[in-house]
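J.: I have a structure here, written as structure tokens, and I will follow up with some questions on it.
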Amino acid sequence: MDATARTKGIGIIGTGDFTHPERFKEIKEGMLPQGNGLFRLSGSNTGVNFVLSGEVCTIYPRARGGSAGVFDRTGSVAKIHHCILAPDIESVEQLNDALARFGNLSADGRPQLSMTAAELVEIVMGINSDACVFPAHAFTPWFGVFGSMGGFDSIEEAYEDQAKNIYALETGLSADPPMFWRISKLDRYSIISSGDAHSLPKLGREATVFEFGENELSYKAIINALKNRNVKRTIEFYPEEGKYHYDGHRKCGVSLSPREAKKYNYVCPVCRKELTLGVLHRVEELADREEGYVLKGAPPFVHAIPLDELIAFASGKSVYSASVRETYSKLVERFGTEFNVLLGADIDEINKLDAKIGAAIESVRKDRVSIKPGYDGVFGVIEIAKSSAGGKVAKAAYGQKTIGSF
């Protein structure tokens, strides 16, 4: 993780999974505290900082009902994924001891806990008031705080008396900031993005950018930035590529926009079973602003696609091929980091190494792409212009700071 973060240009990265006993042992043995709430890998002087982080799932019964009308259809069990950040090892030890009473922490990196969201936050903040809890991938169907399959209509409804301690929301792969801007009651939260890395190449596919002065970087500085909505910008997956953007039914190959799904009364036209209602659907249900609304003063964002995917698109090769890996290494060696290649390097200089890749990167920077939206667990399919004049496109489906990736 340390080496990959350096290659990508990530300055802050979450350890992940600190609730798991074996993972927590690795963290304690392999990380050195820097005296500012951040950690570095033992023996590393690279400047990559780690934040103690984990993700948990709270599962608990709730009464039927809800203004969105979706709860009566999906049942009465609330399931929410939450990210947790902590400033020191001692707090994590206490937290793990407390959470072990609510579930088996060794069963999964993201343990399932039989407790309410409010109980989770109360315990975390009771152990250390500098800790941070925020909802992960807020709109995804089954485990997002606003998800269609049993989610809530507001942070206050979900976190009850502990809503005062929630000040950041994560977009997830199937949403981006403009979708949050359509819901006025979310204006007061920091909208952040995290990598949700299931493998090293996925690190940083979404990320949050902070700006600190020299010697200002610390855990508290990050938390204060989140509390004060002082995020510099976010780096976003194209939300249409996320596997829960549209409504649909995977088994039948049915993908529908919210408007189309309404025509079918949210029932699959092939098998007549209920559709999985996606992220865009829930945004439409909760929105009190029109599509295209821009929140004044909100941090900017950019869409990005991992560099190895772009190289594969441009070359027509597998992302796992030796030639893609070789080209990736050459670009990073020439321009310093993956993020600099994607977002900062001069296109003319990239073209000198490979004009097709340069054209693909330029197209993404200018959002000159078209996407077939993902649905019900199926990733979206993207088309990227290979030249400024349009022409051929490459197609692929995602199947497989200071920049912070928590």
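By order of appearance in the structure tokens: chains A, B, ..., then residues from 1 within every chain, and ligands from 1 in the order shown.
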Which residues in stretch 214-382 of chain A does DSSP call alpha helix (DSSP H)? List them as a VMD selection string.

T.: chain A and resid 219 to 227 258 to 263 279 to 286 307 to 315 322 to 335 338 to 339 347 to 353 355 to 365

J.: A:Thr19: which residues within 12 Å, counting only C-alpha atoms, same-chain residues fewer than 4 positions away excluded, as a ChimeraX atom specification?

T.: /A:15,23-27,52-57,83-86,89,91-100,103-113

J.: Would you write out those residues with C-alpha atoms, as a PDB file, in the first residue's frame?

T.:
```pdb
ATOM      1  CA  THR A  15      -4.959   1.648   6.894  1.00  0.00           C
ATOM      2  CA  ARG A  23      -5.058  -6.570  10.609  1.00  0.00           C
ATOM      3  CA  PHE A  24      -4.854  -4.518  13.787  1.00  0.00           C
ATOM      4  CA  LYS A  25      -1.827  -6.575  14.864  1.00  0.00           C
ATOM      5  CA  GLU A  26      -0.166  -5.731  11.528  1.00  0.00           C
ATOM      6  CA  ILE A  27      -0.917  -2.050  12.083  1.00  0.00           C
ATOM      7  CA  LEU A  52      -6.065   4.636  11.265  1.00  0.00           C
ATOM      8  CA  SER A  53      -9.284   3.658   9.505  1.00  0.00           C
ATOM      9  CA  GLY A  54     -11.906   0.958   9.308  1.00  0.00           C
ATOM     10  CA  GLU A  55     -15.354   0.278   7.928  1.00  0.00           C
ATOM     11  CA  VAL A  56     -18.213  -1.415   9.767  1.00  0.00           C
ATOM     12  CA  CYS A  57     -21.784  -2.382   8.994  1.00  0.00           C
ATOM     13  CA  CYS A  83     -16.195   4.593   7.833  1.00  0.00           C
ATOM     14  CA  ILE A  84     -14.313   5.349  11.054  1.00  0.00           C
ATOM     15  CA  LEU A  85     -11.106   7.368  11.452  1.00  0.00           C
ATOM     16  CA  ALA A  86      -9.157   7.403  14.717  1.00  0.00           C
ATOM     17  CA  ILE A  89      -3.720   3.075  18.639  1.00  0.00           C
ATOM     18  CA  SER A  91      -8.448   4.543  20.969  1.00  0.00           C
ATOM     19  CA  VAL A  92      -8.694   1.778  18.375  1.00  0.00           C
ATOM     20  CA  GLU A  93      -7.942  -0.846  21.029  1.00  0.00           C
ATOM     21  CA  GLN A  94     -10.731   0.497  23.220  1.00  0.00           C
ATOM     22  CA  LEU A  95     -13.088   0.746  20.272  1.00  0.00           C
ATOM     23  CA  ASN A  96     -12.433  -2.829  19.178  1.00  0.00           C
ATOM     24  CA  ASP A  97     -13.085  -4.072  22.706  1.00  0.00           C
ATOM     25  CA  ALA A  98     -16.383  -2.184  22.763  1.00  0.00           C
ATOM     26  CA  LEU A  99     -17.541  -3.256  19.292  1.00  0.00           C
ATOM     27  CA  ALA A 100     -16.686  -6.916  19.922  1.00  0.00           C
ATOM     28  CA  GLY A 103     -20.469  -8.780  16.458  1.00  0.00           C
ATOM     29  CA  ASN A 104     -17.616 -11.059  15.414  1.00  0.00           C
ATOM     30  CA  LEU A 105     -14.749  -8.739  14.489  1.00  0.00           C
ATOM     31  CA  SER A 106     -12.597 -11.574  13.153  1.00  0.00           C
ATOM     32  CA  ALA A 107     -15.211 -12.736  10.630  1.00  0.00           C
ATOM     33  CA  ASP A 108     -14.665  -9.971   8.093  1.00  0.00           C
ATOM     34  CA  GLY A 109     -12.659  -6.832   7.434  1.00  0.00           C
ATOM     35  CA  ARG A 110     -15.951  -4.964   7.510  1.00  0.00           C
ATOM     36  CA  PRO A 111     -17.722  -6.605  10.460  1.00  0.00           C
ATOM     37  CA  GLN A 112     -21.500  -6.765  10.853  1.00  0.00           C
ATOM     38  CA  LEU A 113     -22.585  -5.248  14.149  1.00  0.00           C
TER      39      LEU A 113
END
```

J.: List the neighbours of A:Tyr167 out to 12 Å using only C-alpha atoms; skip same-chain residues closer than 4 positions along the sequence, and give me the result as a PDB file with N, CA and C atoms, in the first residue's frame.

T.:
```
ATOM      1  N   ALA A 131     -12.254  11.292  17.104  1.00  0.00           N
ATOM      2  CA  ALA A 131     -12.533  10.284  16.069  1.00  0.00           C
ATOM      3  C   ALA A 131     -13.579  10.828  15.105  1.00  0.00           C
ATOM      4  N   CYS A 132     -13.740  10.152  13.985  1.00  0.00           N
ATOM      5  CA  CYS A 132     -14.667  10.613  12.949  1.00  0.00           C
ATOM      6  C   CYS A 132     -15.426   9.413  12.387  1.00  0.00           C
ATOM      7  N   VAL A 133     -16.729   9.571  12.250  1.00  0.00           N
ATOM      8  CA  VAL A 133     -17.577   8.564  11.596  1.00  0.00           C
ATOM      9  C   VAL A 133     -18.300   9.245  10.446  1.00  0.00           C
ATOM     10  N   PHE A 134     -18.301   8.610   9.288  1.00  0.00           N
ATOM     11  CA  PHE A 134     -19.108   9.146   8.183  1.00  0.00           C
ATOM     12  C   PHE A 134     -19.703   7.994   7.381  1.00  0.00           C
ATOM     13  N   PRO A 135     -20.898   8.200   6.816  1.00  0.00           N
ATOM     14  CA  PRO A 135     -21.537   7.141   6.030  1.00  0.00           C
ATOM     15  C   PRO A 135     -20.737   6.844   4.764  1.00  0.00           C
ATOM     16  N   ILE A 155     -30.003  12.313   7.454  1.00  0.00           N
ATOM     17  CA  ILE A 155     -28.996  11.923   8.439  1.00  0.00           C
ATOM     18  C   ILE A 155     -29.613  11.893   9.833  1.00  0.00           C
ATOM     19  N   GLU A 156     -30.519  12.833  10.114  1.00  0.00           N
ATOM     20  CA  GLU A 156     -31.159  12.887  11.427  1.00  0.00           C
ATOM     21  C   GLU A 156     -31.985  11.633  11.691  1.00  0.00           C
ATOM     22  N   TYR A 159     -29.186   8.711  12.217  1.00  0.00           N
ATOM     23  CA  TYR A 159     -28.258   8.790  13.347  1.00  0.00           C
ATOM     24  C   TYR A 159     -28.880   9.375  14.609  1.00  0.00           C
ATOM     25  N   GLN A 162     -27.247  11.446  17.507  1.00  0.00           N
ATOM     26  CA  GLN A 162     -25.831  11.533  17.169  1.00  0.00           C
ATOM     27  C   GLN A 162     -25.577  12.181  15.804  1.00  0.00           C
ATOM     28  N   ALA A 163     -26.646  12.656  15.161  1.00  0.00           N
ATOM     29  CA  ALA A 163     -26.485  13.320  13.860  1.00  0.00           C
ATOM     30  C   ALA A 163     -25.561  14.526  13.963  1.00  0.00           C
ATOM     31  N   LEU A 186     -28.348  18.463   2.422  1.00  0.00           N
ATOM     32  CA  LEU A 186     -26.991  17.924   2.484  1.00  0.00           C
ATOM     33  C   LEU A 186     -25.928  19.000   2.302  1.00  0.00           C
ATOM     34  N   ASP A 187     -26.352  20.253   2.129  1.00  0.00           N
ATOM     35  CA  ASP A 187     -25.403  21.341   1.858  1.00  0.00           C
ATOM     36  C   ASP A 187     -24.378  21.517   2.961  1.00  0.00           C
ATOM     37  N   ARG A 188     -24.734  21.209   4.190  1.00  0.00           N
ATOM     38  CA  ARG A 188     -23.840  21.503   5.314  1.00  0.00           C
ATOM     39  C   ARG A 188     -22.761  20.446   5.530  1.00  0.00           C
ATOM     40  N   TYR A 189     -22.777  19.390   4.736  1.00  0.00           N
ATOM     41  CA  TYR A 189     -21.798  18.315   4.918  1.00  0.00           C
ATOM     42  C   TYR A 189     -20.639  18.447   3.931  1.00  0.00           C
ATOM     43  N   SER A 190     -19.459  18.016   4.364  1.00  0.00           N
ATOM     44  CA  SER A 190     -18.348  17.848   3.425  1.00  0.00           C
ATOM     45  C   SER A 190     -18.634  16.626   2.567  1.00  0.00           C
ATOM     46  N   ILE A 191     -18.526  16.788   1.264  1.00  0.00           N
ATOM     47  CA  ILE A 191     -18.710  15.667   0.342  1.00  0.00           C
ATOM     48  C   ILE A 191     -17.321  15.173  -0.043  1.00  0.00           C
ATOM     49  N   ILE A 192     -17.026  13.929   0.327  1.00  0.00           N
ATOM     50  CA  ILE A 192     -15.687  13.392   0.128  1.00  0.00           C
ATOM     51  C   ILE A 192     -15.751  12.107  -0.691  1.00  0.00           C
ATOM     52  N   ILE A 223      -9.345  16.399  10.108  1.00  0.00           N
ATOM     53  CA  ILE A 223     -10.677  16.385  10.708  1.00  0.00           C
ATOM     54  C   ILE A 223     -11.293  17.786  10.686  1.00  0.00           C
ATOM     55  N   ASN A 224     -10.504  18.797  10.999  1.00  0.00           N
ATOM     56  CA  ASN A 224     -11.017  20.166  10.959  1.00  0.00           C
ATOM     57  C   ASN A 224     -11.418  20.580   9.550  1.00  0.00           C
ATOM     58  N   ALA A 225     -10.657  20.123   8.560  1.00  0.00           N
ATOM     59  CA  ALA A 225     -11.017  20.420   7.173  1.00  0.00           C
ATOM     60  C   ALA A 225     -12.367  19.809   6.824  1.00  0.00           C
ATOM     61  N   LEU A 226     -12.613  18.586   7.308  1.00  0.00           N
ATOM     62  CA  LEU A 226     -13.902  17.947   7.058  1.00  0.00           C
ATOM     63  C   LEU A 226     -15.027  18.674   7.796  1.00  0.00           C
ATOM     64  N   LYS A 227     -14.780  19.050   9.038  1.00  0.00           N
ATOM     65  CA  LYS A 227     -15.800  19.743   9.826  1.00  0.00           C
ATOM     66  C   LYS A 227     -16.163  21.093   9.212  1.00  0.00           C
ATOM     67  N   ASN A 228     -15.177  21.772   8.646  1.00  0.00           N
ATOM     68  CA  ASN A 228     -15.376  23.128   8.139  1.00  0.00           C
ATOM     69  C   ASN A 228     -15.622  23.179   6.631  1.00  0.00           C
ATOM     70  N   ARG A 229     -15.866  22.015   6.039  1.00  0.00           N
ATOM     71  CA  ARG A 229     -16.098  21.934   4.592  1.00  0.00           C
ATOM     72  C   ARG A 229     -14.960  22.613   3.832  1.00  0.00           C
ATOM     73  N   ASN A 230     -13.744  22.298   4.258  1.00  0.00           N
ATOM     74  CA  ASN A 230     -12.561  22.916   3.676  1.00  0.00           C
ATOM     75  C   ASN A 230     -11.795  21.907   2.817  1.00  0.00           C
TER      76      ASN A 230
END
```

J.: Measuring atom to atom with only C-alpha atoms, identify which of A:Thr4, A:Lys185, A:Gly9, A:Ile235 is nearest to A:Val341.

T.: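 Closest candidate: A:Gly9.
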
J.: Would you list the contacts of A:Gly278 as a short mmCIF file (atom, residue, chain, number, x, y, z; two decimals) with C-alpha atoms, in the first residue's frame, taking every protein, DNA or RNA residue within 6 Å and counting only C-alpha atoms, but skipping same-chain residues closer than 3 positions in sequence?

T.:
```
data_model
loop_
_atom_site.label_atom_id
_atom_site.label_comp_id
_atom_site.auth_asym_id
_atom_site.auth_seq_id
_atom_site.Cartn_x
_atom_site.Cartn_y
_atom_site.Cartn_z
CA PRO A 141 -29.04 0.38 -2.55
CA TYR A 244 -25.66 0.72 -8.93
CA HIS A 245 -26.26 3.94 -10.87
CA TYR A 246 -29.42 2.97 -12.81
CA ASP A 247 -32.38 0.82 -11.77
CA HIS A 281 -33.36 6.80 -8.32
#
```

J.: Which is closer to A:Lys372 than all the others in A:Ile183, A:Val319, A:Val283, A:Leu256, using only C-alpha atoms?

T.: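 The closest residue to A:Lys372 is A:Leu256.
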
J.: Which residues are near A:Ile350? Cut-off 9 Å, only C-alpha atoms, ignore same chain within fewer than 5 positions. Put them as a PyMOL selection string.

T.: chain A and resi 331+335+341+345+355+357-359+361

J.: I want to know what sits within 8 Å of A:Val121, based on only C-alpha atoms, with residues of the same chain fewer than 2 positions away left out; could you give that as a PyMOL selection string?

T.: chain A and resi 117-119+123-125+133+159+162+165

J.: Write out the residues from the selection above, keeping N, CA and C atoms, as a PDB file, in the first residue's frame.

T.:
```pdb
ATOM      1  N   ALA A 117     -27.070   2.882  14.216  1.00  0.00           N
ATOM      2  CA  ALA A 117     -26.064   3.847  13.786  1.00  0.00           C
ATOM      3  C   ALA A 117     -25.754   4.825  14.904  1.00  0.00           C
ATOM      4  N   ALA A 118     -26.777   5.241  15.635  1.00  0.00           N
ATOM      5  CA  ALA A 118     -26.570   6.179  16.745  1.00  0.00           C
ATOM      6  C   ALA A 118     -25.711   5.561  17.838  1.00  0.00           C
ATOM      7  N   GLU A 119     -25.938   4.294  18.143  1.00  0.00           N
ATOM      8  CA  GLU A 119     -25.137   3.619  19.162  1.00  0.00           C
ATOM      9  C   GLU A 119     -23.677   3.559  18.738  1.00  0.00           C
ATOM     10  N   ILE A 123     -20.617   5.373  20.865  1.00  0.00           N
ATOM     11  CA  ILE A 123     -19.483   4.626  21.405  1.00  0.00           C
ATOM     12  C   ILE A 123     -18.163   5.194  20.887  1.00  0.00           C
ATOM     13  N   VAL A 124     -18.093   5.435  19.575  1.00  0.00           N
ATOM     14  CA  VAL A 124     -16.855   5.956  18.984  1.00  0.00           C
ATOM     15  C   VAL A 124     -16.483   7.294  19.606  1.00  0.00           C
ATOM     16  N   MET A 125     -17.435   8.218  19.656  1.00  0.00           N
ATOM     17  CA  MET A 125     -17.140   9.553  20.173  1.00  0.00           C
ATOM     18  C   MET A 125     -16.897   9.545  21.680  1.00  0.00           C
ATOM     19  N   VAL A 133     -16.729   9.571  12.250  1.00  0.00           N
ATOM     20  CA  VAL A 133     -17.577   8.564  11.596  1.00  0.00           C
ATOM     21  C   VAL A 133     -18.300   9.245  10.446  1.00  0.00           C
ATOM     22  N   TYR A 159     -29.186   8.711  12.217  1.00  0.00           N
ATOM     23  CA  TYR A 159     -28.258   8.790  13.347  1.00  0.00           C
ATOM     24  C   TYR A 159     -28.880   9.375  14.609  1.00  0.00           C
ATOM     25  N   GLN A 162     -27.247  11.446  17.507  1.00  0.00           N
ATOM     26  CA  GLN A 162     -25.831  11.533  17.169  1.00  0.00           C
ATOM     27  C   GLN A 162     -25.577  12.181  15.804  1.00  0.00           C
ATOM     28  N   ASN A 165     -22.806  14.673  15.237  1.00  0.00           N
ATOM     29  CA  ASN A 165     -21.418  14.243  15.089  1.00  0.00           C
ATOM     30  C   ASN A 165     -21.089  13.748  13.684  1.00  0.00           C
TER      31      ASN A 165
END
```

J.: For A:Glu326, find every residue with an atom within 12 Å (counting only C-alpha atoms), except residues of its own chain fewer than 5 positions away, and show them as a short mmCIF file (atom, residue, chain, number, x, y, z; two decimals) with N, CA and C atoms, in the first residue's frame.

T.:
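Result went into result_12.cif, see below:
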```cif
data_model
loop_
_atom_site.label_atom_id
_atom_site.label_comp_id
_atom_site.auth_asym_id
_atom_site.auth_seq_id
_atom_site.Cartn_x
_atom_site.Cartn_y
_atom_site.Cartn_z
N ASP A 308 -3.99 2.63 -15.70
CA ASP A 308 -3.82 1.34 -16.38
C ASP A 308 -5.04 1.02 -17.24
N ILE A 311 -4.69 3.15 -20.45
CA ILE A 311 -3.70 2.57 -21.35
C ILE A 311 -4.29 1.36 -22.08
N ALA A 312 -5.01 0.53 -21.33
CA ALA A 312 -5.64 -0.64 -21.94
C ALA A 312 -6.66 -0.22 -22.99
N VAL A 319 -5.89 -5.05 -19.41
CA VAL A 319 -5.31 -4.23 -18.36
C VAL A 319 -4.24 -5.00 -17.59
N TYR A 320 -4.28 -6.33 -17.66
CA TYR A 320 -3.31 -7.16 -16.95
C TYR A 320 -2.11 -7.55 -17.82
N SER A 321 -2.05 -7.05 -19.04
CA SER A 321 -0.99 -7.46 -19.95
C SER A 321 0.35 -6.82 -19.58
N LEU A 331 5.29 5.93 -18.14
CA LEU A 331 4.59 7.19 -17.92
C LEU A 331 4.83 7.73 -16.51
N VAL A 332 4.76 6.84 -15.52
CA VAL A 332 4.97 7.27 -14.14
C VAL A 332 6.42 7.72 -13.94
N GLU A 333 7.35 6.99 -14.54
CA GLU A 333 8.76 7.38 -14.43
C GLU A 333 8.99 8.75 -15.05
#
```

J.: Among stretch 143-274 of chain A, which ones does DSSP place in strand (DSSP E), written as a ChimeraX atom specification?

T.: /A:168-170,190-192,207-209,233-236,247-249,254-256

J.: Take the residues that were just selected and, keeping N, CA and C atoms, output them as a PDB file, in the first residue's frame.

T.:
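As written to disk, out_25.pdb reads:
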```pdb
ATOM      1  N   ALA A 168     -19.494  14.619   7.379  1.00  0.00           N
ATOM      2  CA  ALA A 168     -18.980  14.284   6.055  1.00  0.00           C
ATOM      3  C   ALA A 168     -19.772  13.117   5.484  1.00  0.00           C
ATOM      4  N   LEU A 169     -19.935  13.109   4.174  1.00  0.00           N
ATOM      5  CA  LEU A 169     -20.629  12.034   3.459  1.00  0.00           C
ATOM      6  C   LEU A 169     -19.754  11.590   2.303  1.00  0.00           C
ATOM      7  N   GLU A 170     -19.680  10.285   2.089  1.00  0.00           N
ATOM      8  CA  GLU A 170     -18.872   9.749   0.994  1.00  0.00           C
ATOM      9  C   GLU A 170     -19.741   9.508  -0.236  1.00  0.00           C
ATOM     10  N   SER A 190     -19.459  18.016   4.364  1.00  0.00           N
ATOM     11  CA  SER A 190     -18.348  17.848   3.425  1.00  0.00           C
ATOM     12  C   SER A 190     -18.634  16.626   2.567  1.00  0.00           C
ATOM     13  N   ILE A 191     -18.526  16.788   1.264  1.00  0.00           N
ATOM     14  CA  ILE A 191     -18.710  15.667   0.342  1.00  0.00           C
ATOM     15  C   ILE A 191     -17.321  15.173  -0.043  1.00  0.00           C
ATOM     16  N   ILE A 192     -17.026  13.929   0.327  1.00  0.00           N
ATOM     17  CA  ILE A 192     -15.687  13.392   0.128  1.00  0.00           C
ATOM     18  C   ILE A 192     -15.751  12.107  -0.691  1.00  0.00           C
ATOM     19  N   ALA A 207     -10.703   9.891  -4.607  1.00  0.00           N
ATOM     20  CA  ALA A 207      -9.831  10.468  -3.583  1.00  0.00           C
ATOM     21  C   ALA A 207     -10.298  11.870  -3.231  1.00  0.00           C
ATOM     22  N   THR A 208      -9.837  12.348  -2.070  1.00  0.00           N
ATOM     23  CA  THR A 208     -10.141  13.685  -1.586  1.00  0.00           C
ATOM     24  C   THR A 208      -8.846  14.474  -1.487  1.00  0.00           C
ATOM     25  N   VAL A 209      -8.859  15.702  -1.962  1.00  0.00           N
ATOM     26  CA  VAL A 209      -7.666  16.544  -1.976  1.00  0.00           C
ATOM     27  C   VAL A 209      -7.798  17.624  -0.905  1.00  0.00           C
ATOM     28  N   ARG A 233     -10.723  19.705  -3.315  1.00  0.00           N
ATOM     29  CA  ARG A 233     -11.510  19.133  -4.411  1.00  0.00           C
ATOM     30  C   ARG A 233     -11.567  17.631  -4.223  1.00  0.00           C
ATOM     31  N   THR A 234     -12.388  16.967  -5.025  1.00  0.00           N
ATOM     32  CA  THR A 234     -12.434  15.503  -5.009  1.00  0.00           C
ATOM     33  C   THR A 234     -12.168  14.964  -6.409  1.00  0.00           C
ATOM     34  N   ILE A 235     -11.650  13.750  -6.423  1.00  0.00           N
ATOM     35  CA  ILE A 235     -11.404  13.030  -7.674  1.00  0.00           C
ATOM     36  C   ILE A 235     -12.434  11.906  -7.730  1.00  0.00           C
ATOM     37  N   GLU A 236     -13.232  11.887  -8.779  1.00  0.00           N
ATOM     38  CA  GLU A 236     -14.414  11.043  -8.829  1.00  0.00           C
ATOM     39  C   GLU A 236     -14.372  10.022  -9.963  1.00  0.00           C
ATOM     40  N   ASP A 247     -31.525   1.909 -12.252  1.00  0.00           N
ATOM     41  CA  ASP A 247     -32.376   0.824 -11.773  1.00  0.00           C
ATOM     42  C   ASP A 247     -32.220  -0.361 -12.721  1.00  0.00           C
ATOM     43  N   GLY A 248     -32.502  -1.569 -12.222  1.00  0.00           N
ATOM     44  CA  GLY A 248     -32.407  -2.688 -13.143  1.00  0.00           C
ATOM     45  C   GLY A 248     -32.536  -4.039 -12.489  1.00  0.00           C
ATOM     46  N   HIS A 249     -32.352  -5.060 -13.310  1.00  0.00           N
ATOM     47  CA  HIS A 249     -32.386  -6.443 -12.859  1.00  0.00           C
ATOM     48  C   HIS A 249     -31.307  -7.198 -13.612  1.00  0.00           C
ATOM     49  N   VAL A 254     -31.827  -6.193 -17.620  1.00  0.00           N
ATOM     50  CA  VAL A 254     -32.700  -5.030 -17.736  1.00  0.00           C
ATOM     51  C   VAL A 254     -32.079  -3.842 -17.018  1.00  0.00           C
ATOM     52  N   SER A 255     -31.852  -2.751 -17.744  1.00  0.00           N
ATOM     53  CA  SER A 255     -31.301  -1.515 -17.186  1.00  0.00           C
ATOM     54  C   SER A 255     -32.234  -0.374 -17.554  1.00  0.00           C
ATOM     55  N   LEU A 256     -32.665   0.406 -16.540  1.00  0.00           N
ATOM     56  CA  LEU A 256     -33.664   1.445 -16.767  1.00  0.00           C
ATOM     57  C   LEU A 256     -33.305   2.715 -16.007  1.00  0.00           C
TER      58      LEU A 256
END
```

J.: Using only C-alpha atoms, can you tell me which of A:Leu217, A:Ala78, A:Val378, A:Leu41 comes closest to A:Ser148?

T.: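 Using only C-alpha atoms, the shortest distance to A:Ser148 belongs to A:Ala78.
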
J.: So, counting only C-alpha atoms, which residue among A:Val381, A:Gly297, A:Pro201, A:Thr116 is closest to A:Asp161?

T.: A:Thr116

J.: I'd like the interatomic distance between atom CA of A:Thr46 and atom CA of A:Thr7, to a tenth of an Å.

T.: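 The value is 10.9 Å.
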
J.: Go through A:Leu120, A:Val279, A:Met31, A:Leu203 one by one, measure the shortest atom-to-atom distance of each to A:Gly11 using only C-alpha atoms, and give the residue with the smallest value.

T.: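 Closest to A:Gly11 of all the choices is A:Leu203.
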
J.: At what distance in Å, to one decimal, does atom CA of A:Gly14 lie from atom CA of A:Val51?

T.: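 Distance between the two atoms: 4.7 Å.
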
J.: Restricting the calculation to only C-alpha atoms: of A:Ile166, A:Val77, A:Val267, A:Ala314, which residue gets closest to A:Met115?

T.: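 Smallest distance to A:Met115 is found for A:Val77.
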